[in-house]
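A.B. asks: Data: my_file_38.csv, CSV, C-alpha atoms and all ligand atoms.
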```csv
chain,number,residue,atom,x,y,z
A,1,MET,CA,0.0,0.0,0.0
A,2,ARG,CA,1.3,3.4,-0.9
A,3,LEU,CA,0.4,6.5,1.1
A,4,LYS,CA,0.5,10.0,-0.3
A,5,SER,CA,-0.9,13.5,0.7
A,6,PHE,CA,-2.1,16.2,-1.7
A,7,THR,CA,-2.6,19.9,-0.8
A,8,ALA,CA,-4.8,22.4,-2.8
A,9,PRO,CA,-6.7,25.6,-2.2
A,10,THR,CA,-10.0,23.6,-2.1
A,11,MET,CA,-11.0,20.2,-0.8
A,12,ALA,CA,-12.4,19.3,-4.3
A,13,GLU,CA,-9.1,20.2,-5.9
A,14,ALA,CA,-7.1,18.2,-3.4
A,15,MET,CA,-9.4,15.2,-4.0
A,16,HIS,CA,-9.0,15.6,-7.7
A,17,LEU,CA,-5.2,15.6,-7.4
A,18,ALA,CA,-5.3,12.4,-5.3
A,19,ARG,CA,-7.6,10.6,-7.8
A,20,GLN,CA,-5.5,11.9,-10.8
A,21,GLU,CA,-2.3,10.5,-9.3
A,22,LEU,CA,-3.5,7.4,-7.4
A,23,GLY,CA,-6.5,6.5,-9.5
A,24,ASP,CA,-10.1,5.8,-8.5
A,25,GLU,CA,-9.1,2.9,-6.3
A,26,ALA,CA,-7.4,5.3,-3.8
A,27,VAL,CA,-8.9,5.3,-0.3
A,28,VAL,CA,-9.0,8.7,1.4
A,29,VAL,CA,-7.6,8.1,4.9
A,30,ALA,CA,-7.6,11.7,6.2
A,31,THR,CA,-8.6,15.2,5.2
A,32,THR,CA,-7.5,18.3,7.0
A,33,GLU,CA,-7.8,22.1,6.6
A,34,ASP,CA,-4.7,24.1,7.4
A,35,GLU,CA,-6.1,27.1,9.3
A,36,THR,CA,-2.9,29.2,8.8
A,37,ASP,CA,-3.1,29.3,5.0
A,38,GLY,CA,-6.6,28.0,4.3
A,39,THR,CA,-5.4,25.1,2.1
A,40,PHE,CA,-6.8,21.6,2.2
A,41,ARG,CA,-4.9,18.4,2.6
A,42,VAL,CA,-6.1,15.0,1.5
A,43,SER,CA,-4.1,11.8,2.4
A,44,ALA,CA,-5.0,8.8,0.4
A,45,ALA,CA,-3.7,5.2,0.2
A,46,VAL,CA,-3.7,2.9,-2.7
A,47,GLU,CA,-3.0,-0.8,-2.9
A,48,GLN,CA,0.2,-1.6,-4.9
A,49,ALA,CA,0.4,-4.7,-6.9
A,50,GLU,CA,-0.4,-7.4,-4.3
A,51,PRO,CA,2.1,-10.2,-3.8
A,52,PRO,CA,0.8,-13.6,-4.7
A,53,VAL,CA,-1.5,-15.0,-1.9
A,54,PRO,CA,0.4,-17.7,0.0
A,55,PRO,CA,-1.4,-21.1,-0.3
A,56,HIS,CA,-2.0,-21.4,3.5
A,57,SER,CA,-3.7,-18.0,3.8
A,58,ASN,CA,-7.2,-19.0,2.6
A,59,GLY,CA,-7.1,-15.9,0.5
A,60,ARG,CA,-7.7,-13.6,3.5
A,61,THR,CA,-6.8,-10.5,1.6
A,62,ALA,CA,-9.9,-8.4,2.4
A,63,PRO,CA,-9.5,-8.2,6.2
A,64,GLN,CA,-5.8,-7.5,5.8
A,65,SER,CA,-6.6,-4.5,3.6
A,66,ALA,CA,-8.9,-3.2,6.3
A,67,ALA,CA,-6.1,-3.5,8.8
A,68,LEU,CA,-3.8,-1.7,6.5
A,69,GLN,CA,-6.2,1.2,6.0
A,70,HIS,CA,-6.4,1.6,9.8
A,71,ILE,CA,-2.7,1.7,10.0
A,72,ALA,CA,-2.5,4.2,7.1
A,73,GLN,CA,-5.0,6.4,9.0
A,74,ALA,CA,-2.9,6.2,12.1
A,75,LEU,CA,0.3,7.1,10.2
A,76,VAL,CA,-1.4,10.2,8.8
A,77,TYR,CA,-2.7,11.2,12.2
A,78,HIS,CA,0.8,10.9,13.7
A,79,GLY,CA,2.3,12.9,10.8
A,80,VAL,CA,4.7,10.2,9.8
A,81,PRO,CA,6.5,11.5,6.7
A,82,GLU,CA,5.3,9.8,3.5
A,83,ASN,CA,8.6,7.9,2.8
A,84,LEU,CA,8.7,6.3,6.1
A,85,ALA,CA,4.9,5.7,6.2
A,86,THR,CA,5.1,3.9,2.8
A,87,LYS,CA,7.9,1.7,4.1
A,88,LEU,CA,6.0,0.9,7.3
A,89,LEU,CA,2.9,0.0,5.3
A,90,ALA,CA,4.9,-2.2,2.9
A,91,ALA,CA,6.4,-4.1,5.9
A,92,ALA,CA,3.0,-4.3,7.6
A,93,ASN,CA,1.6,-5.6,4.2
A,94,ALA,CA,4.1,-8.5,4.2
A,95,VAL,CA,2.8,-10.1,7.4
A,96,GLU,CA,-0.3,-12.2,7.6
A,97,GLU,CA,-2.1,-10.8,10.6
A,98,GLU,CA,-5.5,-9.2,11.1
A,99,ASP,CA,-4.8,-7.3,14.3
A,100,PRO,CA,-3.7,-3.7,13.2
A,101,ILE,CA,-1.5,-3.4,16.3
A,102,LEU,CA,0.5,-6.5,15.4
A,103,ARG,CA,0.7,-5.5,11.8
A,104,LEU,CA,2.0,-2.1,12.7
A,105,ALA,CA,4.4,-3.7,15.1
A,106,ALA,CA,5.7,-5.9,12.3
A,107,GLY,CA,6.4,-2.7,10.3
A,108,LEU,CA,8.0,-0.9,13.2
A,109,ASP,CA,10.1,-4.0,13.9
A,110,GLN,CA,11.4,-4.0,10.3
A,111,MET,CA,12.1,-0.3,10.2
A,112,PHE,CA,13.7,0.3,13.6
A,113,GLN,CA,16.0,-1.4,16.1
A,114,PHE,CA,15.0,-1.7,19.7
A,115,LEU,CA,17.7,-1.9,22.4
A,116,PRO,CA,16.9,-0.9,26.0
A,117,LEU,CA,19.7,0.5,28.2
A,118,PRO,CA,21.4,-2.2,30.3
A,119,ASP,CA,20.4,-2.2,34.0
A,120,ARG,CA,23.3,-4.4,35.3
A,121,ALA,CA,27.0,-3.9,35.5
A,122,PRO,CA,29.4,-4.3,33.7
A,123,ALA,CA,28.2,-1.8,31.0
A,124,PRO,CA,29.9,1.1,29.3
A,125,PRO,CA,29.2,4.5,30.8
A,126,ILE,CA,26.1,6.2,29.5
A,127,MET,CA,25.9,9.9,28.8
A,128,LEU,CA,22.5,11.4,28.2
A,129,ILE,CA,22.7,14.2,25.6
A,130,GLY,CA,20.1,16.3,23.9
A,131,PRO,CA,18.4,19.7,23.6
A,132,PRO,CA,17.7,21.9,26.7
A,133,GLY,CA,14.8,20.6,28.7
A,134,ALA,CA,14.5,17.2,27.0
A,135,GLY,CA,14.5,15.3,30.3
A,136,LYS,CA,18.2,14.3,30.7
A,137,THR,CA,18.7,15.1,34.3
A,138,ILE,CA,15.4,13.5,35.4
A,139,GLY,CA,16.5,10.6,33.2
A,140,ILE,CA,19.9,10.3,35.0
A,141,ALA,CA,17.9,10.3,38.3
A,142,LYS,CA,15.6,7.5,37.0
A,143,LEU,CA,18.6,5.4,35.8
A,144,ALA,CA,20.5,5.9,39.1
A,145,THR,CA,17.4,5.0,41.1
A,146,ARG,CA,16.8,1.8,39.2
A,147,ALA,CA,20.5,0.8,39.5
A,148,VAL,CA,20.4,1.4,43.3
A,149,MET,CA,17.2,-0.6,43.6
A,150,LYS,CA,18.9,-3.4,41.7
A,151,LYS,CA,21.9,-3.2,44.2
A,152,GLN,CA,24.3,-2.1,41.5
A,153,THR,CA,27.4,0.1,42.1
A,154,VAL,CA,26.4,3.4,40.6
A,155,ASN,CA,28.5,6.4,39.7
A,156,VAL,CA,26.8,9.7,38.8
A,157,ILE,CA,28.7,12.4,37.1
A,158,THR,CA,27.4,15.8,35.9
A,159,THR,CA,29.1,17.9,33.3
A,160,ASP,CA,26.3,20.5,33.4
A,161,ILE,CA,28.0,23.4,35.1
A,162,LYS,CA,26.6,25.8,32.5
A,163,ARG,CA,23.1,26.2,33.7
A,164,ALA,CA,22.4,27.8,37.0
A,165,GLY,CA,21.0,25.1,39.3
A,166,GLY,CA,22.1,22.3,37.0
A,167,VAL,CA,24.4,20.7,39.7
A,168,GLU,CA,21.9,21.3,42.5
A,169,GLN,CA,19.1,19.6,40.5
A,170,ILE,CA,20.9,16.3,40.1
A,171,GLU,CA,22.4,16.6,43.6
A,172,ALA,CA,19.0,16.6,45.2
A,173,PHE,CA,18.5,13.1,43.7
A,174,THR,CA,21.9,11.7,44.4
A,175,GLN,CA,21.6,12.8,48.1
A,176,ILE,CA,18.3,10.9,48.5
A,177,LEU,CA,20.0,7.8,46.9
A,178,GLY,CA,23.0,8.1,49.2
A,179,LEU,CA,25.4,8.6,46.2
A,180,ASN,CA,28.3,10.9,45.8
A,181,LEU,CA,27.8,13.3,42.8
A,182,HIS,CA,31.0,13.9,40.8
A,183,ILE,CA,31.3,17.1,38.9
A,184,ALA,CA,33.5,17.3,35.7
A,185,GLN,CA,34.3,20.8,34.7
A,186,ASP,CA,35.9,19.9,31.4
A,187,PRO,CA,36.6,16.8,29.2
A,188,GLY,CA,40.0,16.1,30.9
A,189,ALA,CA,38.4,16.0,34.3
A,190,LEU,CA,35.7,13.7,33.0
A,191,LYS,CA,38.3,11.3,31.6
A,192,ASP,CA,40.1,11.2,35.0
A,193,LEU,CA,36.8,10.6,36.9
A,194,ILE,CA,35.9,7.7,34.6
A,195,GLU,CA,39.3,6.1,35.0
A,196,MET,CA,38.9,6.3,38.7
A,197,GLN,CA,35.6,4.5,38.8
A,198,GLU,CA,35.4,1.1,40.4
A,199,ALA,CA,34.5,-1.8,38.1
A,200,PRO,CA,32.1,-3.4,37.7
A,201,SER,CA,29.7,-0.4,38.0
A,202,LEU,CA,27.1,1.5,36.1
A,203,THR,CA,28.2,5.1,35.3
A,204,TYR,CA,25.7,7.7,34.3
A,205,ILE,CA,26.8,11.1,33.0
A,206,ASP,CA,24.5,14.2,32.8
A,207,SER,CA,25.2,16.8,30.2
A,208,ALA,CA,24.3,20.4,29.5
A,209,GLY,CA,21.4,21.0,27.1
A,210,SER,CA,22.8,21.6,23.7
A,211,ASN,CA,21.4,23.5,20.7
A,212,PRO,CA,21.6,21.1,17.8
A,213,TYR,CA,22.0,24.0,15.3
A,214,ASP,CA,25.0,25.6,17.2
A,215,PRO,CA,28.2,24.0,15.9
A,216,GLN,CA,30.2,25.2,18.9
A,217,GLU,CA,27.8,23.7,21.5
A,218,LEU,CA,27.9,20.4,19.6
A,219,GLU,CA,31.6,20.5,19.4
A,220,ASN,CA,31.8,21.0,23.2
A,221,LEU,CA,29.5,18.1,23.8
A,222,ARG,CA,31.5,15.9,21.4
A,223,ALA,CA,34.7,16.7,23.3
A,224,PHE,CA,33.0,15.4,26.6
A,225,ILE,CA,31.8,12.3,24.8
A,226,GLU,CA,35.2,11.5,23.3
A,227,ALA,CA,37.0,12.0,26.6
A,228,SER,CA,34.6,9.8,28.5
A,229,GLY,CA,34.4,6.9,26.1
A,230,ALA,CA,30.8,6.8,27.1
A,231,GLU,CA,27.9,5.9,24.9
A,232,PRO,CA,26.0,9.1,24.1
A,233,VAL,CA,22.3,8.4,24.3
A,234,LEU,CA,20.0,11.0,22.8
A,235,VAL,CA,17.0,12.2,24.9
A,236,LEU,CA,14.2,13.8,23.0
A,237,SER,CA,10.7,15.0,23.9
A,238,ALA,CA,8.5,12.7,21.8
A,239,GLY,CA,6.3,15.4,20.3
A,240,GLY,CA,7.5,17.9,17.7
A,241,ASP,CA,7.5,18.6,14.0
A,242,PRO,CA,8.7,15.6,12.0
A,243,ARG,CA,11.0,17.7,9.7
A,244,GLU,CA,12.5,19.5,12.7
A,245,MET,CA,13.0,16.3,14.6
A,246,GLU,CA,14.8,14.7,11.6
A,247,GLU,CA,17.4,17.6,11.7
A,248,VAL,CA,17.7,17.3,15.5
A,249,GLY,CA,18.3,13.5,15.2
A,250,ASP,CA,20.8,14.2,12.5
A,251,ALA,CA,22.7,16.7,14.5
A,252,PHE,CA,23.1,14.5,17.6
A,253,GLY,CA,23.7,11.5,15.4
A,254,SER,CA,26.7,13.3,13.8
A,255,ILE,CA,28.4,13.5,17.2
A,256,GLY,CA,27.9,9.8,17.9
A,257,ALA,CA,24.4,9.2,19.3
A,258,SER,CA,23.2,5.8,18.3
A,259,ARG,CA,20.3,5.2,20.7
A,260,LEU,CA,17.3,7.3,21.6
A,261,ILE,CA,15.1,7.8,24.6
A,262,PHE,CA,11.7,9.5,24.1
A,263,THR,CA,10.3,11.5,27.0
A,264,ARG,CA,6.9,13.0,27.8
A,265,LEU,CA,4.9,10.2,26.2
A,266,ASP,CA,2.3,11.2,28.8
A,267,MET,CA,1.8,14.5,27.1
A,268,THR,CA,2.3,13.4,23.5
A,269,ARG,CA,-0.4,12.4,21.0
A,270,ARG,CA,1.6,12.3,17.7
A,271,PHE,CA,4.7,10.3,17.3
A,272,GLY,CA,5.7,11.2,13.7
A,273,GLY,CA,8.4,13.5,15.0
A,274,ALA,CA,9.9,10.9,17.3
A,275,LEU,CA,9.9,8.3,14.5
A,276,SER,CA,11.4,10.7,12.1
A,277,ALA,CA,14.4,11.5,14.3
A,278,ALA,CA,15.1,7.8,14.8
A,279,ASP,CA,14.7,6.9,11.2
A,280,ARG,CA,16.8,9.7,9.8
A,281,ALA,CA,19.8,9.2,12.1
A,282,HIS,CA,19.4,5.4,12.3
A,283,LEU,CA,19.0,5.6,16.1
A,284,LYS,CA,18.0,2.5,18.0
A,285,LEU,CA,15.0,3.0,20.2
A,286,ALA,CA,16.0,2.4,23.8
A,287,ASN,CA,13.5,3.5,26.4
A,288,ILE,CA,10.6,5.8,27.0
A,289,SER,CA,9.5,8.1,29.8
A,290,VAL,CA,5.9,8.5,30.6
A,291,ALA,CA,6.0,10.7,33.7
A,292,PRO,CA,8.1,13.4,35.3
A,293,LYS,CA,8.2,11.4,38.6
A,294,VAL,CA,11.6,9.8,39.1
A,295,THR,CA,10.0,6.8,40.8
A,296,GLU,CA,8.1,6.0,37.6
A,297,GLY,CA,11.5,5.2,35.9
A,298,PHE,CA,12.2,4.6,32.2
A,299,HIS,CA,10.3,1.8,30.5
A,300,PRO,CA,11.7,-0.4,27.8
A,301,ILE,CA,10.0,-0.1,24.4
A,302,ASN,CA,9.5,-2.8,21.8
A,303,PRO,CA,7.6,-2.8,18.5
A,304,VAL,CA,4.3,-4.0,20.0
A,305,SER,CA,4.3,-1.5,22.9
A,306,LEU,CA,5.1,1.3,20.5
A,307,ALA,CA,2.3,0.2,18.1
A,308,ARG,CA,-0.1,0.3,21.1
A,309,PHE,CA,0.9,3.9,21.9
A,310,MET,CA,0.3,4.7,18.2
A,311,MET,CA,-3.1,3.0,17.9
A,312,PRO,CA,-4.6,3.1,21.4
A,313,GLU,CA,-8.1,2.6,20.0
A,314,TYR,CA,-7.2,-0.9,19.0
A,315,VAL,CA,-5.7,-1.9,22.4
A,316,ALA,CA,-7.9,-4.5,24.2
A,317,PRO,CA,-9.3,-2.9,27.4
A,318,SER,CA,-7.4,-5.4,29.6
A,319,ARG,CA,-4.1,-4.1,28.0
A,320,GLN,CA,-4.8,-0.4,28.2
A,321,GLY,CA,-2.2,1.6,30.2
A,322,THR,CA,0.5,-1.0,29.7
A,323,ALA,CA,3.8,0.0,28.0
B,401,LIG,N1,5.3,15.1,31.8
B,401,LIG,C1,6.6,14.7,31.7
B,401,LIG,N2,7.5,15.6,32.1
B,401,LIG,C2,8.8,15.2,32.0
B,401,LIG,C3,9.2,13.9,31.6
B,401,LIG,N3,10.6,13.8,31.6
B,401,LIG,C4,11.0,15.0,32.0
B,401,LIG,N4,10.0,15.8,32.3
B,401,LIG,C5,10.0,17.2,32.8
B,401,LIG,O1,10.7,18.0,31.9
B,401,LIG,C6,11.4,19.0,32.6
B,401,LIG,C7,12.8,19.1,32.1
B,401,LIG,O2,13.5,17.9,32.7
B,401,LIG,P1,15.0,17.9,32.9
B,401,LIG,O3,15.4,16.5,33.3
B,401,LIG,O4,15.4,19.0,33.9
B,401,LIG,O5,15.5,18.3,31.5
B,401,LIG,P2,17.0,18.5,31.0
B,401,LIG,O6,17.2,17.8,29.6
B,401,LIG,O7,18.0,18.0,32.0
B,401,LIG,O8,17.1,20.0,30.9
B,401,LIG,P3,18.4,21.0,30.8
B,401,LIG,O9,19.4,20.5,31.8
B,401,LIG,O10,17.9,22.3,31.1
B,401,LIG,O11,18.9,20.8,29.4
B,401,LIG,C8,11.2,18.8,34.1
B,401,LIG,O12,10.1,19.6,34.5
B,401,LIG,C9,10.8,17.3,34.1
B,401,LIG,O13,10.0,17.0,35.2
B,401,LIG,C10,8.1,13.0,31.2
B,401,LIG,O14,8.3,11.8,30.7
B,401,LIG,N5,6.9,13.4,31.3
B,402,MG,MG,19.6,18.9,33.0
```
Using structure tokens, write down the structure that the file contains.

C.D. replies:
Amino acid sequence: MRLKSFTAPTMAEAMHLARQELGDEAVVVATTEDETDGTFRVSAAVEQAEPPVPPHSNGRTAPQSAALQHIAQALVYHGVPENLATKLLAAANAVEEEDPILRLAAGLDQMFQFLPLPDRAPAPPIMLIGPPGAGKTIGIAKLATRAVMKKQTVNVITTDIKRAGGVEQIEAFTQILGLNLHIAQDPGALKDLIEMQEAPSLTYIDSAGSNPYDPQELENLRAFIEASGAEPVLVLSAGGDPREMEEVGDAFGSIGASRLIFTRLDMTRRFGGALSAADRAHLKLANISVAPKVTEGFHPINPVSLARFMMPEYVAPSRQGTA
């Protein structure tokens, strides 16, 4: 199934464009009016040449198409860019499953890698990086709390000496946990601190919020990453414009981020931005945060739980509210 959107000054013209390009078979999955410029947008899906029906499928093509249409609707709702949406639909099309959640999960599984952060030592140091206010410091507090509860040796280091109150914020949590907070003023000091840590332990490093479009800020962050030998894990608020999020993912990917944590899922309805960032920079999806409370912790994410977040209306009542 192919998904495409058409914009025109009137709804009729947008519909006409869709029919012209996709043909009369096209199914309209969403229509919206852009209140800022008064244009109309029609998103339509069309079946591509169907693969041969496998002999054991009993020719169950009709329900599968219905499931695909629900998925196409969801992808439009989430604002997933067309390229990525078309690939997700193709992957969902390749599985024989009537439940839209499981079909979307199959697409997500094919398009993304899922790799939660380790919770036991030994593991390489983790540095949380990302734009200001993404949830890095709360994230460090969540990771440190989980490690303490699992009776791991934990080291917490902050490099965020830039923002007023940055050190005090993380210190409030390390004090409650009975941990010493280490402060690294510069990359050299961070390297020394890492070398001094007892093994096996879990080391978590907080960083200052960085503007992805400021080369100097990215360079400063890169120097800390390099000196520490830590894995830089990008933290992003899950909402946001998909095109913007692609660029943000790209910027942090360029200084070594290879995994991604989404925060604020409790206040996010549309995941197109989050998926775009991961897709563009080939970031593995690690964990999610669904609450500001440190005790809530990070949750692991997998294709099925992500699909449930994206299509909550298809989640059985007994499974609602589970990640
Ligand atoms: N609702 C909600 N709020 C969150 C979540 N994660 C973090 N927050 C809130 O987001 C705000 C910023 O969190 P911080 O951890 O201070 O963000 P930061 O990335 O360290 O910010 P800087 O150090 O300024 O770059 C705080 O008010 C947090 O409570 C979440 O999953 N859900
Ligand atoms: Mg912070």

A.B. asks: Around ligand MG 402 (chain B), which protein and nucleic acid residues have at least one atom no more than 10 Å from it, if we count all atoms listed in the file? List them as a PyMOL selection string.

C.D. replies: chain A and resi 128-140+158-163+165-167+169-170+206-209

A.B. asks: Which of these residues is nearest to ligand LIG 401 (chain B), using only C-alpha atoms and all ligand atoms: A:His282, A:His70, A:Lys142, A:Arg222?

C.D. replies: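 Smallest separation from ligand LIG 401 (chain B) among the options: A:Lys142.
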
A.B. asks: Rank nothing, just name the residue among A:Gly229, A:Arg259, A:Pro300, A:Ala164 nearest to ligand LIG 401 (chain B), using only C-alpha atoms and all ligand atoms.

C.D. replies: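 Answer, going by the shortest atom-to-atom distance: A:Ala164.
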
A.B. asks: Quick one, how far is atom O11 of ligand LIG 401 (chain B) from atom CA of A:Gln197?

C.D. replies: 25.2 Å

A.B. asks: Taking all atoms listed in the file into account, name the residue in A:Ala66, A:Met111, A:Leu17, A:Ala223 that is nearest to A:Asp186.

C.D. replies: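 Among A:Ala66, A:Met111, A:Leu17, A:Ala223, it is A:Ala223 that comes nearest to A:Asp186.
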
A.B. asks: Using all atoms listed in the file, find the one residue out of A:Glu247, A:Leu236, A:Leu89, A:Val154 that sits nearest to A:Arg103.

C.D. replies: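 With all atoms listed in the file as the atom set, the closest residue is A:Leu89.
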
A.B. asks: Please provide the set of residues having any atom within 9 Å of stretch 75-84 of chain A, restricted to all atoms listed in the file, with same-chain residues fewer than 6 positions apart removed, written as an NGL selection string.

C.D. replies: :A and (2-5 or 29-30 or 43 or 111 or 241-243 or 269-273 or 275-276 or 279 or 310)

A.B. asks: For those residues, write C-alpha atoms to a file as a PDB file, keeping the file's coordinate frame.

C.D. replies:
```pdb
ATOM      1  CA  ARG A   2       1.300   3.400  -0.900  1.00  0.00           C
ATOM      2  CA  LEU A   3       0.400   6.500   1.100  1.00  0.00           C
ATOM      3  CA  LYS A   4       0.500  10.000  -0.300  1.00  0.00           C
ATOM      4  CA  SER A   5      -0.900  13.500   0.700  1.00  0.00           C
ATOM      5  CA  VAL A  29      -7.600   8.100   4.900  1.00  0.00           C
ATOM      6  CA  ALA A  30      -7.600  11.700   6.200  1.00  0.00           C
ATOM      7  CA  SER A  43      -4.100  11.800   2.400  1.00  0.00           C
ATOM      8  CA  MET A 111      12.100  -0.300  10.200  1.00  0.00           C
ATOM      9  CA  ASP A 241       7.500  18.600  14.000  1.00  0.00           C
ATOM     10  CA  PRO A 242       8.700  15.600  12.000  1.00  0.00           C
ATOM     11  CA  ARG A 243      11.000  17.700   9.700  1.00  0.00           C
ATOM     12  CA  ARG A 269      -0.400  12.400  21.000  1.00  0.00           C
ATOM     13  CA  ARG A 270       1.600  12.300  17.700  1.00  0.00           C
ATOM     14  CA  PHE A 271       4.700  10.300  17.300  1.00  0.00           C
ATOM     15  CA  GLY A 272       5.700  11.200  13.700  1.00  0.00           C
ATOM     16  CA  GLY A 273       8.400  13.500  15.000  1.00  0.00           C
ATOM     17  CA  LEU A 275       9.900   8.300  14.500  1.00  0.00           C
ATOM     18  CA  SER A 276      11.400  10.700  12.100  1.00  0.00           C
ATOM     19  CA  ASP A 279      14.700   6.900  11.200  1.00  0.00           C
ATOM     20  CA  MET A 310       0.300   4.700  18.200  1.00  0.00           C
TER      21      MET A 310
END
```

A.B. asks: Residues within 10 Å of A:Lys284, please, as a PyMOL selection string. Count all atoms listed in the file; anything in the same chain fewer than 5 positions from it doesn't count.

C.D. replies: chain A and resi 112-116+233-234+257-261+278-279

A.B. asks: Near A:Ser254, within 9 Å and counting only C-alpha atoms, which residues show up once chain neighbours fewer than 4 positions away are dropped, as a list of chain:residue names?

C.D. replies: A:Gly249, A:Asp250, A:Ala281

A.B. asks: Is there a way to complete stretch 2-18 of chain A with N, CA, C and O atoms and then write that out as a compact mmCIF listing (two decimals), keeping the file's coordinate frame?

C.D. replies:
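Dumped to part31.txt:
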```
# COMPACT_ATOMS: atom_id res chain seq x y z
N ARG A 2 0.50 2.20 -0.82
CA ARG A 2 1.30 3.40 -0.90
C ARG A 2 0.44 4.56 -0.29
O ARG A 2 -0.78 4.61 -0.47
N LEU A 3 1.08 5.45 0.44
CA LEU A 3 0.40 6.50 1.10
C LEU A 3 0.91 7.86 0.59
O LEU A 3 2.12 8.07 0.52
N LYS A 4 0.00 8.77 0.23
CA LYS A 4 0.50 10.00 -0.30
C LYS A 4 -0.53 11.14 0.08
O LYS A 4 -1.74 10.89 0.17
N SER A 5 -0.01 12.35 0.31
CA SER A 5 -0.90 13.50 0.70
C SER A 5 -0.84 14.53 -0.44
O SER A 5 0.19 14.72 -1.11
N PHE A 6 -1.97 15.23 -0.61
CA PHE A 6 -2.10 16.20 -1.70
C PHE A 6 -2.69 17.50 -1.05
O PHE A 6 -3.65 17.43 -0.28
N THR A 7 -2.12 18.64 -1.39
CA THR A 7 -2.60 19.90 -0.80
C THR A 7 -3.07 20.80 -1.96
O THR A 7 -2.43 20.88 -3.02
N ALA A 8 -4.20 21.48 -1.76
CA ALA A 8 -4.80 22.40 -2.80
C ALA A 8 -5.61 23.43 -2.11
O ALA A 8 -5.98 23.28 -0.94
N PRO A 9 -5.95 24.49 -2.85
CA PRO A 9 -6.70 25.60 -2.20
C PRO A 9 -8.15 25.11 -1.82
O PRO A 9 -8.75 25.70 -0.92
N THR A 10 -8.71 24.09 -2.48
CA THR A 10 -10.00 23.60 -2.10
C THR A 10 -9.96 22.09 -1.86
O THR A 10 -9.07 21.42 -2.40
N MET A 11 -10.94 21.60 -1.07
CA MET A 11 -11.00 20.20 -0.80
C MET A 11 -11.19 19.39 -2.12
O MET A 11 -10.56 18.35 -2.36
N ALA A 12 -12.07 19.95 -2.99
CA ALA A 12 -12.40 19.30 -4.30
C ALA A 12 -11.11 19.14 -5.11
O ALA A 12 -10.84 18.08 -5.71
N GLU A 13 -10.32 20.21 -5.14
CA GLU A 13 -9.10 20.20 -5.90
C GLU A 13 -8.09 19.15 -5.35
O GLU A 13 -7.42 18.42 -6.09
N ALA A 14 -8.01 19.12 -4.02
CA ALA A 14 -7.10 18.20 -3.40
C ALA A 14 -7.53 16.74 -3.69
O ALA A 14 -6.70 15.86 -3.99
N MET A 15 -8.85 16.50 -3.64
CA MET A 15 -9.40 15.20 -4.00
C MET A 15 -9.06 14.82 -5.42
O MET A 15 -8.67 13.69 -5.73
N HIS A 16 -9.23 15.81 -6.29
CA HIS A 16 -9.00 15.60 -7.70
C HIS A 16 -7.51 15.19 -7.92
O HIS A 16 -7.22 14.25 -8.68
N LEU A 17 -6.61 15.90 -7.25
CA LEU A 17 -5.20 15.60 -7.40
C LEU A 17 -4.90 14.14 -6.95
O LEU A 17 -4.14 13.41 -7.59
N ALA A 18 -5.55 13.77 -5.84
CA ALA A 18 -5.30 12.40 -5.30
C ALA A 18 -5.83 11.37 -6.32
O ALA A 18 -5.12 10.40 -6.62
```
